[in-house]
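Source file: entry_35.cif (mmCIF, C-alpha atoms)
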```
data_target
#
loop_
_atom_site.label_atom_id
_atom_site.label_comp_id
_atom_site.auth_asym_id
_atom_site.auth_seq_id
_atom_site.Cartn_x
_atom_site.Cartn_y
_atom_site.Cartn_z
CA MET W 168 63.70 110.02 108.40
CA ASN W 169 65.55 107.44 106.33
CA HIS W 170 63.95 106.30 103.08
CA PRO W 171 65.11 104.07 100.21
CA LYS W 172 67.32 105.86 97.71
CA ALA W 173 66.41 105.82 94.04
CA SER W 174 70.13 105.53 93.25
CA PRO W 175 71.69 103.50 96.07
CA LEU W 176 75.33 103.92 97.07
CA ALA W 177 77.84 101.25 96.09
CA LYS W 178 81.49 100.74 96.94
CA ILE W 179 84.08 98.62 95.15
CA GLU W 180 87.41 97.66 96.72
CA GLN W 181 89.66 95.66 94.46
CA GLU W 182 93.25 94.56 95.01
CA VAL W 183 95.36 94.59 91.85
CA GLY W 184 98.81 93.16 92.43
CA LEU W 185 100.18 95.14 95.37
CA SER W 186 97.84 98.09 94.81
CA LYS W 187 94.18 98.74 95.52
CA ILE W 188 91.42 100.53 93.62
CA THR W 189 88.42 101.87 95.54
CA ILE W 190 85.35 103.28 93.78
CA GLU W 191 82.37 104.91 95.53
CA TYR W 192 79.36 105.78 93.39
CA SER W 193 75.58 105.84 93.30
CA ARG W 194 73.70 103.53 90.92
CA PRO W 195 70.77 105.04 89.00
CA SER W 196 68.37 102.80 87.08
CA ALA W 197 67.05 103.41 83.58
CA ARG W 198 63.35 103.00 84.45
CA GLY W 199 62.32 103.32 80.79
CA ARG W 200 64.19 106.58 80.21
CA THR W 201 66.43 107.44 77.25
CA LEU W 202 69.90 107.39 78.81
CA PHE W 203 72.41 108.84 76.35
CA GLY W 204 71.98 111.29 73.48
CA ASN W 205 68.53 112.47 72.43
CA GLN W 206 65.05 111.11 72.96
CA PRO W 207 62.94 110.15 69.92
CA ASN W 208 61.28 113.60 70.04
CA GLY W 209 64.68 115.29 69.76
CA GLU W 210 64.82 116.42 73.38
CA PRO W 211 68.00 115.57 75.34
CA GLY W 212 68.09 112.25 77.16
CA LEU W 213 69.18 111.74 80.74
CA VAL W 214 72.85 112.21 79.79
CA PRO W 215 73.02 114.61 76.81
CA ASN W 216 75.87 114.32 74.34
CA GLY W 217 78.86 116.47 75.25
CA ARG W 218 77.62 117.41 78.74
CA ILE W 219 79.61 116.51 81.80
CA TRP W 220 78.28 113.46 83.65
CA ARG W 221 79.14 112.41 87.20
CA VAL W 222 79.35 108.72 86.12
CA GLY W 223 76.53 107.76 88.44
CA ALA W 224 74.10 109.80 90.53
CA ASN W 225 74.02 112.03 93.63
CA GLU W 226 77.54 112.96 94.79
CA SER W 227 80.41 112.81 92.34
CA THR W 228 81.86 109.35 91.82
CA LYS W 229 85.18 108.94 93.66
CA ILE W 230 88.01 106.67 92.60
CA THR W 231 91.12 106.06 94.70
CA PHE W 232 94.43 104.47 93.67
CA THR W 233 96.95 103.48 96.36
CA SER W 234 99.84 103.52 93.87
CA ASP W 235 100.80 105.58 90.85
CA VAL W 236 98.86 104.26 87.90
CA SER W 237 98.68 104.32 84.12
CA ILE W 238 95.25 104.98 82.60
CA ASN W 239 94.97 104.06 78.93
CA GLY W 240 98.76 104.53 78.72
CA GLN W 241 98.86 107.92 80.49
CA GLU W 242 100.41 108.39 83.93
CA LEU W 243 98.35 109.42 86.97
CA LYS W 244 99.62 109.92 90.53
CA LYS W 245 98.17 107.88 93.37
CA GLY W 246 95.31 109.55 95.25
CA THR W 247 91.56 110.16 95.12
CA TYR W 248 89.83 111.73 92.13
CA ALA W 249 86.32 112.62 91.04
CA LEU W 250 85.44 110.57 87.98
CA TYR W 251 83.59 112.40 85.22
CA ALA W 252 82.65 111.63 81.63
CA PHE W 253 81.70 113.63 78.54
CA PRO W 254 79.74 111.10 76.44
CA GLU W 255 79.45 111.47 72.68
CA ILE W 256 78.13 109.11 70.02
CA GLU W 257 81.52 107.95 68.72
CA LYS W 258 83.80 108.66 71.68
CA TRP W 259 83.71 109.49 75.35
CA GLN W 260 86.10 111.70 77.26
CA ILE W 261 86.87 110.28 80.72
CA VAL W 262 88.16 112.74 83.32
CA PHE W 263 90.02 112.14 86.57
CA HIS W 264 89.43 115.41 88.41
CA LYS W 265 91.42 116.69 91.39
CA ASN W 266 88.54 118.61 92.99
CA THR W 267 86.43 116.04 94.84
CA THR W 268 84.25 118.55 96.73
CA HIS W 269 81.60 119.20 94.07
CA TRP W 270 78.11 117.83 94.50
CA GLY W 271 77.43 115.80 91.38
CA ASP W 272 79.25 117.13 88.35
CA GLY W 273 79.75 120.64 89.72
CA ARG W 274 78.22 122.19 86.57
CA ALA W 275 79.24 125.88 86.63
CA LYS W 276 81.82 125.20 89.36
CA TYR W 277 83.60 122.55 87.32
CA ASN W 278 87.00 123.86 86.22
CA GLU W 279 88.83 122.00 83.47
CA GLU W 280 92.13 123.31 84.84
CA GLU W 281 91.60 121.04 87.85
CA ASP W 282 91.61 117.92 85.66
CA ALA W 283 94.43 115.55 86.55
CA LEU W 284 93.92 113.44 83.43
CA ARG W 285 91.57 113.34 80.45
CA ILE W 286 91.45 110.42 78.01
CA ASN W 287 89.36 109.37 75.02
CA VAL W 288 87.67 105.97 74.86
CA VAL W 289 85.29 104.41 72.35
CA PRO W 290 81.87 103.22 73.59
CA VAL W 291 80.64 99.76 72.62
CA HIS W 292 76.97 98.98 71.90
CA LYS W 293 75.80 95.69 73.42
CA GLN W 294 72.68 93.61 72.89
CA ASP W 295 72.15 92.99 76.61
CA PHE W 296 70.47 95.82 78.52
CA GLN W 297 71.99 96.92 81.85
CA GLU W 298 69.08 98.36 83.84
CA THR W 299 71.04 99.71 86.82
CA PHE W 300 74.27 101.58 86.14
CA LEU W 301 77.27 99.39 86.94
CA ILE W 302 80.98 100.03 87.35
CA SER W 303 83.05 96.86 87.42
CA LEU W 304 86.72 95.91 87.49
CA ASP W 305 87.50 92.90 85.31
CA ASP W 306 90.40 91.22 83.47
CA ILE W 307 92.45 91.48 86.65
CA ASP W 308 96.05 90.29 86.90
CA HIS W 309 99.13 91.30 88.92
CA ASN W 310 99.67 94.39 86.81
CA GLY W 311 96.30 95.85 85.96
CA ALA W 312 92.58 95.65 85.32
CA SER W 313 89.91 96.99 83.02
CA MET W 314 87.30 99.34 84.46
CA HIS W 315 83.93 98.93 82.73
CA LEU W 316 81.09 101.46 82.79
CA ASN W 317 77.81 99.74 81.84
CA TRP W 318 74.39 101.31 81.43
CA GLY W 319 71.63 100.52 78.99
CA THR W 320 73.27 99.07 75.91
CA ILE W 321 76.46 101.11 76.28
CA GLN W 322 79.73 99.83 77.69
CA VAL W 323 82.95 101.78 78.06
CA ALA W 324 86.24 100.04 78.95
CA ILE W 325 89.11 101.93 80.58
CA PRO W 326 92.50 100.14 80.83
CA ILE W 327 94.26 100.54 84.21
CA ALA W 328 97.87 99.45 84.77
CA PHE W 329 100.23 99.46 87.77
CA ASP W 330 104.01 99.04 87.73
CA THR W 331 103.75 96.11 90.13
CA LYS W 332 107.22 94.81 89.26
CA SER W 333 108.84 98.02 90.47
CA ILE W 334 106.69 98.08 93.62
CA MET W 335 107.58 94.45 94.35
CA GLN W 336 111.28 95.01 93.68
CA GLU W 337 111.31 97.84 96.22
CA GLN W 338 109.83 95.46 98.78
CA ILE W 339 112.35 92.76 97.86
CA ASP W 340 115.30 95.13 98.24
CA LYS W 341 113.95 96.33 101.58
CA ASN W 342 113.47 92.78 102.90
CA LEU W 343 116.88 91.62 101.71
CA SER W 344 118.52 94.45 103.65
CA ALA W 345 116.69 93.58 106.89
CA ALA W 346 117.88 90.13 108.09
CA PRO W 347 115.90 87.93 105.65
CA ASN W 348 114.86 84.43 106.75
CA ALA W 349 114.12 81.27 104.78
CA GLN W 350 110.54 82.32 104.07
CA THR W 351 111.74 85.66 102.69
CA TYR W 352 114.07 83.95 100.24
CA TYR W 353 111.35 81.48 99.24
CA GLU W 354 108.76 84.20 98.58
CA ILE W 355 111.21 86.17 96.44
CA ALA W 356 112.08 83.07 94.42
CA ARG W 357 108.41 82.19 93.99
CA TYR W 358 107.56 85.70 92.80
CA TYR W 359 110.38 85.74 90.25
CA GLN W 360 109.33 82.29 89.01
CA GLU W 361 105.65 83.26 88.70
CA GLN W 362 106.62 86.35 86.73
CA GLY W 363 109.10 84.47 84.53
CA ILE W 364 111.95 86.84 85.42
CA LYS W 365 115.44 86.61 86.99
CA SER W 366 115.50 82.80 86.98
CA LYS W 367 119.17 82.53 87.99
CA ALA W 368 118.59 84.87 90.96
CA ALA W 369 115.45 82.90 91.86
CA LEU W 370 117.46 79.67 91.97
CA GLY W 371 119.96 81.27 94.33
CA PHE W 372 117.16 82.48 96.60
CA VAL W 373 115.32 79.16 96.78
CA ASN W 374 118.60 77.34 97.44
CA LYS W 375 119.19 79.77 100.31
CA ALA W 376 115.66 79.07 101.61
CA ILE W 377 116.38 75.33 101.68
CA GLU W 378 119.76 75.89 103.30
CA MET W 379 118.23 78.01 106.08
CA GLY W 380 114.80 76.43 106.46
CA GLY W 381 115.33 72.79 105.58
CA ASP W 382 113.43 70.60 103.16
CA THR W 383 109.75 71.39 102.49
CA TYR W 384 107.56 70.26 99.61
CA TYR W 385 106.89 73.86 98.58
CA PHE W 386 110.56 74.93 98.64
CA HIS W 387 111.47 72.04 96.35
CA ARG W 388 108.36 72.62 94.24
CA VAL W 389 109.49 76.16 93.42
CA ARG W 390 113.07 74.97 92.95
CA SER W 391 111.88 72.45 90.35
CA LEU W 392 109.95 75.13 88.46
CA VAL W 393 112.91 77.50 88.44
CA LEU W 394 115.25 74.76 87.18
CA ALA W 395 112.78 73.99 84.41
CA ASP W 396 112.69 77.68 83.47
CA LEU W 397 116.49 77.41 83.14
CA LYS W 398 115.95 74.29 80.95
CA SER W 399 117.78 72.09 83.49
CA TYR W 400 115.14 69.39 83.14
CA ASP W 401 117.09 66.55 84.81
CA ALA W 402 117.63 68.66 87.91
CA ALA W 403 114.02 69.89 87.80
CA ILE W 404 112.74 66.31 87.78
CA LYS W 405 114.95 65.39 90.74
CA ALA W 406 113.69 68.42 92.71
CA SER W 407 110.11 67.59 91.80
CA LYS W 408 110.53 64.01 93.05
CA ILE W 409 111.78 65.36 96.39
CA SER W 410 108.72 67.61 96.53
CA ILE W 411 106.48 64.59 95.85
CA ARG W 412 108.08 62.60 98.68
CA LEU W 413 107.68 65.47 101.16
CA ALA W 414 104.14 66.28 99.98
CA ASN W 415 103.11 62.65 100.44
CA LYS W 416 104.28 62.76 104.06
CA GLU W 417 101.97 65.73 104.72
CA GLY W 418 99.01 64.47 102.73
CA LYS W 419 99.31 67.25 100.14
CA ASP W 420 97.97 65.17 97.27
CA GLU W 421 97.32 68.22 95.08
CA PHE W 422 101.06 68.97 95.06
CA VAL W 423 101.79 65.35 94.26
CA ARG W 424 99.57 65.63 91.18
CA LEU W 425 101.10 68.94 90.12
CA ASN W 426 104.62 67.57 90.40
CA LYS W 427 103.79 64.38 88.52
CA ASN W 428 102.24 66.36 85.69
CA ASP W 429 105.34 68.55 85.49
CA ILE W 430 107.66 65.55 85.48
CA SER W 431 105.79 64.05 82.52
CA ARG W 432 106.06 67.33 80.65
CA TRP W 433 109.75 67.80 81.42
CA GLU W 434 110.66 64.22 80.49
CA ALA W 435 109.27 64.93 77.04
CA LEU W 436 111.47 68.01 76.79
CA GLN W 437 114.75 66.30 77.69
CA PRO W 438 117.20 66.32 74.77
CA THR W 439 117.67 62.53 74.97
CA ASN W 440 113.97 62.04 74.33
CA LYS W 441 113.84 64.22 71.24
#
```
I'd like the structure from this file rewritten - as structure tokens, please.
Amino acid sequence: MNHPKASPLAKIEQEVGLSKITIEYSRPSARGRTLFGNQPNGEPGLVPNGRIWRVGANESTKITFTSDVSINGQELKKGTYALYAFPEIEKWQIVFHKNTTHWGDGRAKYNEEEDALRINVVPVHKQDFQETFLISLDDIDHNGASMHLNWGTIQVAIPIAFDTKSIMQEQIDKNLSAAPNAQTYYEIARYYQEQGIKSKAALGFVNKAIEMGGDTYYFHRVRSLVLADLKSYDAAIKASKISIRLANKEGKDEFVRLNKNDISRWEALQPTNK
């Protein structure tokens, strides 16, 4: 017979750049209990200092990375790991463990030699009280995120980073060797421009996109941004005006506004206006 679980299962799937992080864990609630350290009477709380904790309840918490990753500056291969913690007052040890078969923390079966990675992090004491244990992924950009463990008044932050530039460059090289079309060249140019890298190469790619695919407001939009990155403001303004004309034809008023704002900014940066 099914019945409500005291610590219900949760699953997080988060894209980070070209990678994905998946976390499966059960969420216990405080329910008036002392969570970490000792109770007022000196007896251990729910998670005693120095004892292994499954970072949740029920089965061990599982975390999966689809790409090789850096955790707090240390390298970890892609794959699925059991996530454990050894909480202390002034620091926590966070463990990414290769054996994912243990129920809970494994206790006597836990073998430190099966750790894939162990790092130290500093817990932060907050004023807000988190009743139900929460794992979240925040501060997300193309290259990483911060994993937060929140329960009671304690928060632990674990920096996660991916080498998205290398992953993307592999895809770019593969696509360039396989009969690229105008859209391929455009997407490469846009990526380089968004990352602020390889501006000269980006200009060549967006020019190739226009040559193969014709004039579009978004091709010329990216071309204008790349030219501005190269400090060719006159040419950037001309490209932006073409983008405005083409965007107007398609009713893309948001691109008209973006281009006009950029033109105003670039006009102020032209040497003749200084």
Could you make a table, as a tab-separated table, of the residues of stretch 255-354 of chain W that have an atom within 12 Å of an atom of stretch 390-402 of chain W, each with its nearest atom pair and distance in Å to one decimal, counting all atoms listed in the file, in chain and number order?
```
residue	atom	partner	partner_atom	distance
W:Tyr352	CA	W:Arg390	CA	11.6
W:Tyr353	CA	W:Arg390	CA	9.2
W:Glu354	CA	W:Arg390	CA	11.6
```
Test item: residues at most 12 Å from W:Glu280, only C-alpha atoms, excluding those fewer than 5 positions along its chain, as a CSV table (one decimal) with C-alpha atoms, in the coordinates of the input:
```csv
chain,number,residue,atom,x,y,z
W,262,VAL,CA,88.2,112.7,83.3
W,263,PHE,CA,90.0,112.1,86.6
W,264,HIS,CA,89.4,115.4,88.4
W,265,LYS,CA,91.4,116.7,91.4
W,266,ASN,CA,88.5,118.6,93.0
W,285,ARG,CA,91.6,113.3,80.4
```
For the provided coordinates, the residues matched by the PyMOL selection byres ((chain W and resi 299-306) around 7) should be stated as a PyMOL selection string. chain W and resi 194-197+223+297-298+307-308+312-318
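Minimum atom-to-atom distance to W:Asn310, evaluated using all atoms listed in the file, belongs to W:Glu182 out of W:Glu182, W:Gln322, W:His269, W:Arg357.
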I'd like the residues picked by the PyMOL selection byres ((chain W and resi 250) around 12) written out as a tab-separated table (two decimals) with C-alpha atoms, in the frame of the given file, using the chain letters and numbers from the file.
```
chain	number	residue	atom	x	y	z
W	189	THR	CA	88.42	101.87	95.54
W	190	ILE	CA	85.35	103.28	93.78
W	191	GLU	CA	82.37	104.91	95.53
W	192	TYR	CA	79.36	105.78	93.39
W	219	ILE	CA	79.61	116.51	81.80
W	220	TRP	CA	78.28	113.46	83.65
W	221	ARG	CA	79.14	112.41	87.20
W	222	VAL	CA	79.35	108.72	86.12
W	223	GLY	CA	76.53	107.76	88.44
W	224	ALA	CA	74.10	109.80	90.53
W	226	GLU	CA	77.54	112.96	94.79
W	227	SER	CA	80.41	112.81	92.34
W	228	THR	CA	81.86	109.35	91.82
W	229	LYS	CA	85.18	108.94	93.66
W	230	ILE	CA	88.01	106.67	92.60
W	231	THR	CA	91.12	106.06	94.70
W	247	THR	CA	91.56	110.16	95.12
W	248	TYR	CA	89.83	111.73	92.13
W	249	ALA	CA	86.32	112.62	91.04
W	251	TYR	CA	83.59	112.40	85.22
W	252	ALA	CA	82.65	111.63	81.63
W	253	PHE	CA	81.70	113.63	78.54
W	260	GLN	CA	86.10	111.70	77.26
W	261	ILE	CA	86.87	110.28	80.72
W	262	VAL	CA	88.16	112.74	83.32
W	263	PHE	CA	90.02	112.14	86.57
W	264	HIS	CA	89.43	115.41	88.41
W	265	LYS	CA	91.42	116.69	91.39
W	266	ASN	CA	88.54	118.61	92.99
W	267	THR	CA	86.43	116.04	94.84
W	268	THR	CA	84.25	118.55	96.73
W	269	HIS	CA	81.60	119.20	94.07
W	271	GLY	CA	77.43	115.80	91.38
W	272	ASP	CA	79.25	117.13	88.35
W	273	GLY	CA	79.75	120.64	89.72
W	282	ASP	CA	91.61	117.92	85.66
W	283	ALA	CA	94.43	115.55	86.55
W	284	LEU	CA	93.92	113.44	83.43
W	285	ARG	CA	91.57	113.34	80.45
W	286	ILE	CA	91.45	110.42	78.01
W	302	ILE	CA	80.98	100.03	87.35
W	314	MET	CA	87.30	99.34	84.46
W	316	LEU	CA	81.09	101.46	82.79
W	325	ILE	CA	89.11	101.93	80.58
```
Between atom CA of W:Glu279 and atom CA of W:Phe203, what is the spacing in Å?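 These atoms are spaced 22.2 Å apart.
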What residues come out when you apply the PyMOL selection byres ((chain W and resi 430) around 10) to this file, written as JSON, numbers by chain? {"W": [391, 395, 400, 401, 403, 404, 405, 406, 407, 408, 424, 425, 426, 427, 428, 429, 431, 432, 433, 434, 435, 436]}
